[in-house]
Amino acid sequence: MKKLLLLLATLAVLTACSAHTVVVADLDLLSFAQGTEGLEGDLNIPGSIQVYVPDADGDLATPDGGQLISDLPALDVLSGLGIDFVADVENTGSAPLDLQANFRLAPTSDSSNIYDGIGGDTSLTNSSLHLDAGASGQLRLQIHLQKGDPALDLVTGDGFRLGVELRVNGSSTIHYQITGFHVVLEQRPFDLIPEP
Ligand SMILES: [Ca+2]
């Protein structure tokens, strides 16, 4: 009887596991970058600027296709997508600054501009930060999409695109460093079993 109970308990655990999501990939997007170019630097803010990271066209100030993420297994059966972006920012000038960040997700086909609302790109979340002269702060964007969220439909077997639009207002200078950009892919083990 003890054995049977143990077996039933084991089955219950296995059943629970099959309905759970598992993390299948934890991507560190910073490892895709070429050195520190675009990840750390100083910007002069002459009233207002907009920059787009990661920079895909050699100019931080122009919107582009962002970071293409592809060639990963089972992207078409994702049950969840987590994104975590962190940037450390210091106001190195003598006037206050306001920063706003907007996270974008787009299908692979939207290769020229994932910030214009045309071709399928969408806004995922916003974050803002006020920095007095000499102050430091952290800009963080965290998202967890789950099955049923329309934004997750933009992720297909071909991949997807990601990017952040940063707007800075004020007349000062900043030093910035992007310290984290992780993407976590989640799947249900059941979905990974090929249909006969
Ligand atoms: Ca677009």
# chains A, B, ... in the order shown; residues from 1 in each chain; ligands from 1

call {"tool": "residues_near_ligand", "arguments": {"ligand": "ligand 1", "cutoff": "12 Å", "atoms": "only C-alpha atoms and all ligand atoms", "output": "PDB file with C-alpha atoms, in the first residue's frame"}}
result
ATOM      1  CA  PRO A  63      14.925  54.204 -35.462  1.00  0.00           C
ATOM      2  CA  ASP A  64      15.786  50.791 -36.906  1.00  0.00           C
ATOM      3  CA  GLY A  65      14.923  47.116 -36.814  1.00  0.00           C
ATOM      4  CA  GLY A  66      16.236  46.622 -33.262  1.00  0.00           C
ATOM      5  CA  ARG A 104       8.933  47.581 -28.516  1.00  0.00           C
ATOM      6  CA  LEU A 105       8.215  44.108 -29.852  1.00  0.00           C
ATOM      7  CA  ALA A 106       7.914  43.408 -33.575  1.00  0.00           C
ATOM      8  CA  PRO A 107       7.692  40.529 -36.056  1.00  0.00           C
ATOM      9  CA  THR A 108      10.851  39.646 -37.998  1.00  0.00           C
ATOM     10  CA  SER A 109       9.352  41.150 -41.173  1.00  0.00           C
ATOM     11  CA  ASP A 110       9.331  44.663 -39.636  1.00  0.00           C
ATOM     12  CA  SER A 111      13.036  45.074 -40.361  1.00  0.00           C
ATOM     13  CA  SER A 112      13.353  48.817 -40.993  1.00  0.00           C
ATOM     14  CA  ASN A 113      11.538  50.445 -38.048  1.00  0.00           C
ATOM     15  CA  ILE A 114      10.091  48.795 -34.952  1.00  0.00           C
ATOM     16  CA  TYR A 115       9.142  52.155 -33.395  1.00  0.00           C
ATOM     17  CA  ASP A 116       6.532  53.503 -35.838  1.00  0.00           C
ATOM     18  CA  GLY A 117       3.469  51.331 -35.214  1.00  0.00           C
ATOM     19  CA  ILE A 118       3.534  50.208 -38.857  1.00  0.00           C
ATOM     20  CA  GLY A 119       4.268  46.647 -39.962  1.00  0.00           C
ATOM     21  CA  GLY A 120       3.182  44.966 -36.751  1.00  0.00           C
ATOM     22  CA  ASP A 121       5.412  46.530 -34.069  1.00  0.00           C
ATOM     23  CA  THR A 122       3.793  47.240 -30.723  1.00  0.00           C
ATOM     24  CA  SER A 123       4.546  48.981 -27.441  1.00  0.00           C
ATOM     25  CA  ARG A 161      12.515  41.834 -32.862  1.00  0.00           C
ATOM     26  CA  LEU A 162      13.074  43.858 -29.708  1.00  0.00           C
ATOM     27  CA  GLY A 163      14.192  47.389 -28.991  1.00  0.00           C
TER      28      GLY A 163
END

call {"tool": "residues_around", "arguments": {"residues": "Lys147 (chain A)", "least_positions_apart": "3", "cutoff": "12 Å", "atoms": "only C-alpha atoms", "output": "ChimeraX atom specification"}}
result
/A:21,76-82,144,150-155,185-188

call {"tool": "write_last_selection", "arguments": {"atoms": "C-alpha atoms", "output": "mmCIF file, in the first residue's frame"}}
result
data_model
loop_
_atom_site.group_PDB
_atom_site.id
_atom_site.type_symbol
_atom_site.label_atom_id
_atom_site.label_comp_id
_atom_site.auth_asym_id
_atom_site.auth_seq_id
_atom_site.Cartn_x
_atom_site.Cartn_y
_atom_site.Cartn_z
ATOM 1 C CA THR A 21 6.014 25.985 -18.031
ATOM 2 C CA ASP A 76 6.300 28.921 -32.572
ATOM 3 C CA VAL A 77 5.037 27.125 -29.459
ATOM 4 C CA LEU A 78 6.074 29.593 -26.776
ATOM 5 C CA SER A 79 3.861 29.694 -23.711
ATOM 6 C CA GLY A 80 5.609 32.711 -22.225
ATOM 7 C CA LEU A 81 8.177 35.404 -22.866
ATOM 8 C CA GLY A 82 10.046 37.381 -20.209
ATOM 9 C CA HIS A 144 6.188 38.820 -18.799
ATOM 10 C CA PRO A 150 -1.873 39.267 -28.468
ATOM 11 C CA ALA A 151 1.720 40.553 -28.316
ATOM 12 C CA LEU A 152 2.971 36.976 -28.022
ATOM 13 C CA ASP A 153 1.483 36.300 -31.483
ATOM 14 C CA LEU A 154 4.244 38.522 -32.928
ATOM 15 C CA VAL A 155 6.704 35.808 -31.934
ATOM 16 C CA LEU A 185 11.661 31.866 -23.381
ATOM 17 C CA GLU A 186 9.146 29.570 -21.708
ATOM 18 C CA GLN A 187 7.374 26.522 -23.053
ATOM 19 C CA ARG A 188 5.152 23.756 -21.790
#

call {"tool": "closest_residue", "arguments": {"among": "A:Gly180, A:Gly93, A:Pro73, A:Pro189", "to": "Leu141 (chain A)", "atoms": "only C-alpha atoms"}}
result
A:Gly180

call {"tool": "atom_distance", "arguments": {"atom1": "CA of Asp55 (chain A)", "atom2": "CA of Val184 (chain A)"}}
result
20.9 Å

call {"tool": "residues_around", "arguments": {"residues": "Ser171 (chain A)", "least_positions_apart": "3", "cutoff": "12 Å", "atoms": "only C-alpha atoms", "output": "list in words"}}
result
Leu43, Asn44, Ile45, Pro46, Gly47, Ser48, Ile49, Asn91, Thr92, Gly93, Ser94, Ala95, Pro96, Leu97, Asp98, Leu131, Asp132, Ala133, Val168 and Ile174 of chain A

call {"tool": "write_last_selection", "arguments": {"atoms": "C-alpha atoms", "output": "mmCIF file, in the first residue's frame"}}
result
data_model
loop_
_atom_site.group_PDB
_atom_site.id
_atom_site.type_symbol
_atom_site.label_atom_id
_atom_site.label_comp_id
_atom_site.auth_asym_id
_atom_site.auth_seq_id
_atom_site.Cartn_x
_atom_site.Cartn_y
_atom_site.Cartn_z
ATOM 1 C CA LEU A 43 25.281 61.936 -24.362
ATOM 2 C CA ASN A 44 24.886 65.675 -24.633
ATOM 3 C CA ILE A 45 21.222 66.615 -24.214
ATOM 4 C CA PRO A 46 20.569 69.934 -25.971
ATOM 5 C CA GLY A 47 16.926 70.202 -24.853
ATOM 6 C CA SER A 48 15.720 66.793 -26.009
ATOM 7 C CA ILE A 49 16.980 63.694 -27.787
ATOM 8 C CA ASN A 91 23.053 63.129 -14.819
ATOM 9 C CA THR A 92 26.586 64.542 -15.205
ATOM 10 C CA GLY A 93 25.453 68.066 -16.068
ATOM 11 C CA SER A 94 24.024 70.985 -14.141
ATOM 12 C CA ALA A 95 20.298 70.854 -14.938
ATOM 13 C CA PRO A 96 17.558 68.304 -14.209
ATOM 14 C CA LEU A 97 16.627 65.655 -16.781
ATOM 15 C CA ASP A 98 13.578 63.523 -17.515
ATOM 16 C CA LEU A 131 17.254 62.907 -12.398
ATOM 17 C CA ASP A 132 18.383 66.101 -10.691
ATOM 18 C CA ALA A 133 21.829 67.463 -11.555
ATOM 19 C CA VAL A 168 15.553 62.430 -22.724
ATOM 20 C CA ILE A 174 24.296 62.014 -19.109
#

call {"tool": "select_by_dssp", "arguments": {"residues": "chain A", "states": "strand (DSSP E)", "output": "PyMOL selection string"}}
result
chain A and resi 22-28+40-53+67-69+80-91+97-106+122-131+136-146+160-187

call {"tool": "residues_around", "arguments": {"residues": "Val89 (chain A)", "least_positions_apart": "5", "cutoff": "6 Å", "atoms": "only C-alpha atoms", "output": "MDAnalysis selection string"}}
result
chainID A and resid 136:138 175:176

call {"tool": "residues_around", "arguments": {"residues": "Ala61 (chain A)", "least_positions_apart": "2", "cutoff": "7 Å", "atoms": "only C-alpha atoms", "output": "list in words"}}
result
Gln50, Val51, Tyr52, Asp59 and Pro63 of chain A

call {"tool": "write_last_selection", "arguments": {"atoms": "N, CA and C atoms", "output": "PDB file, in the first residue's frame"}}
result
ATOM      1  N   GLN A  50      16.274  61.603 -28.745  1.00  0.00           N
ATOM      2  CA  GLN A  50      15.734  60.248 -28.738  1.00  0.00           C
ATOM      3  C   GLN A  50      16.833  59.321 -29.225  1.00  0.00           C
ATOM      4  N   VAL A  51      17.006  58.189 -28.532  1.00  0.00           N
ATOM      5  CA  VAL A  51      17.951  57.178 -29.008  1.00  0.00           C
ATOM      6  C   VAL A  51      17.253  55.818 -29.017  1.00  0.00           C
ATOM      7  N   TYR A  52      17.793  54.933 -29.842  1.00  0.00           N
ATOM      8  CA  TYR A  52      17.165  53.621 -30.043  1.00  0.00           C
ATOM      9  C   TYR A  52      18.209  52.526 -29.817  1.00  0.00           C
ATOM     10  N   ASP A  59      23.638  54.230 -36.097  1.00  0.00           N
ATOM     11  CA  ASP A  59      23.314  55.571 -35.608  1.00  0.00           C
ATOM     12  C   ASP A  59      22.260  55.435 -34.509  1.00  0.00           C
ATOM     13  N   PRO A  63      15.639  55.450 -35.726  1.00  0.00           N
ATOM     14  CA  PRO A  63      14.925  54.204 -35.462  1.00  0.00           C
ATOM     15  C   PRO A  63      15.341  53.130 -36.468  1.00  0.00           C
TER      16      PRO A  63
END
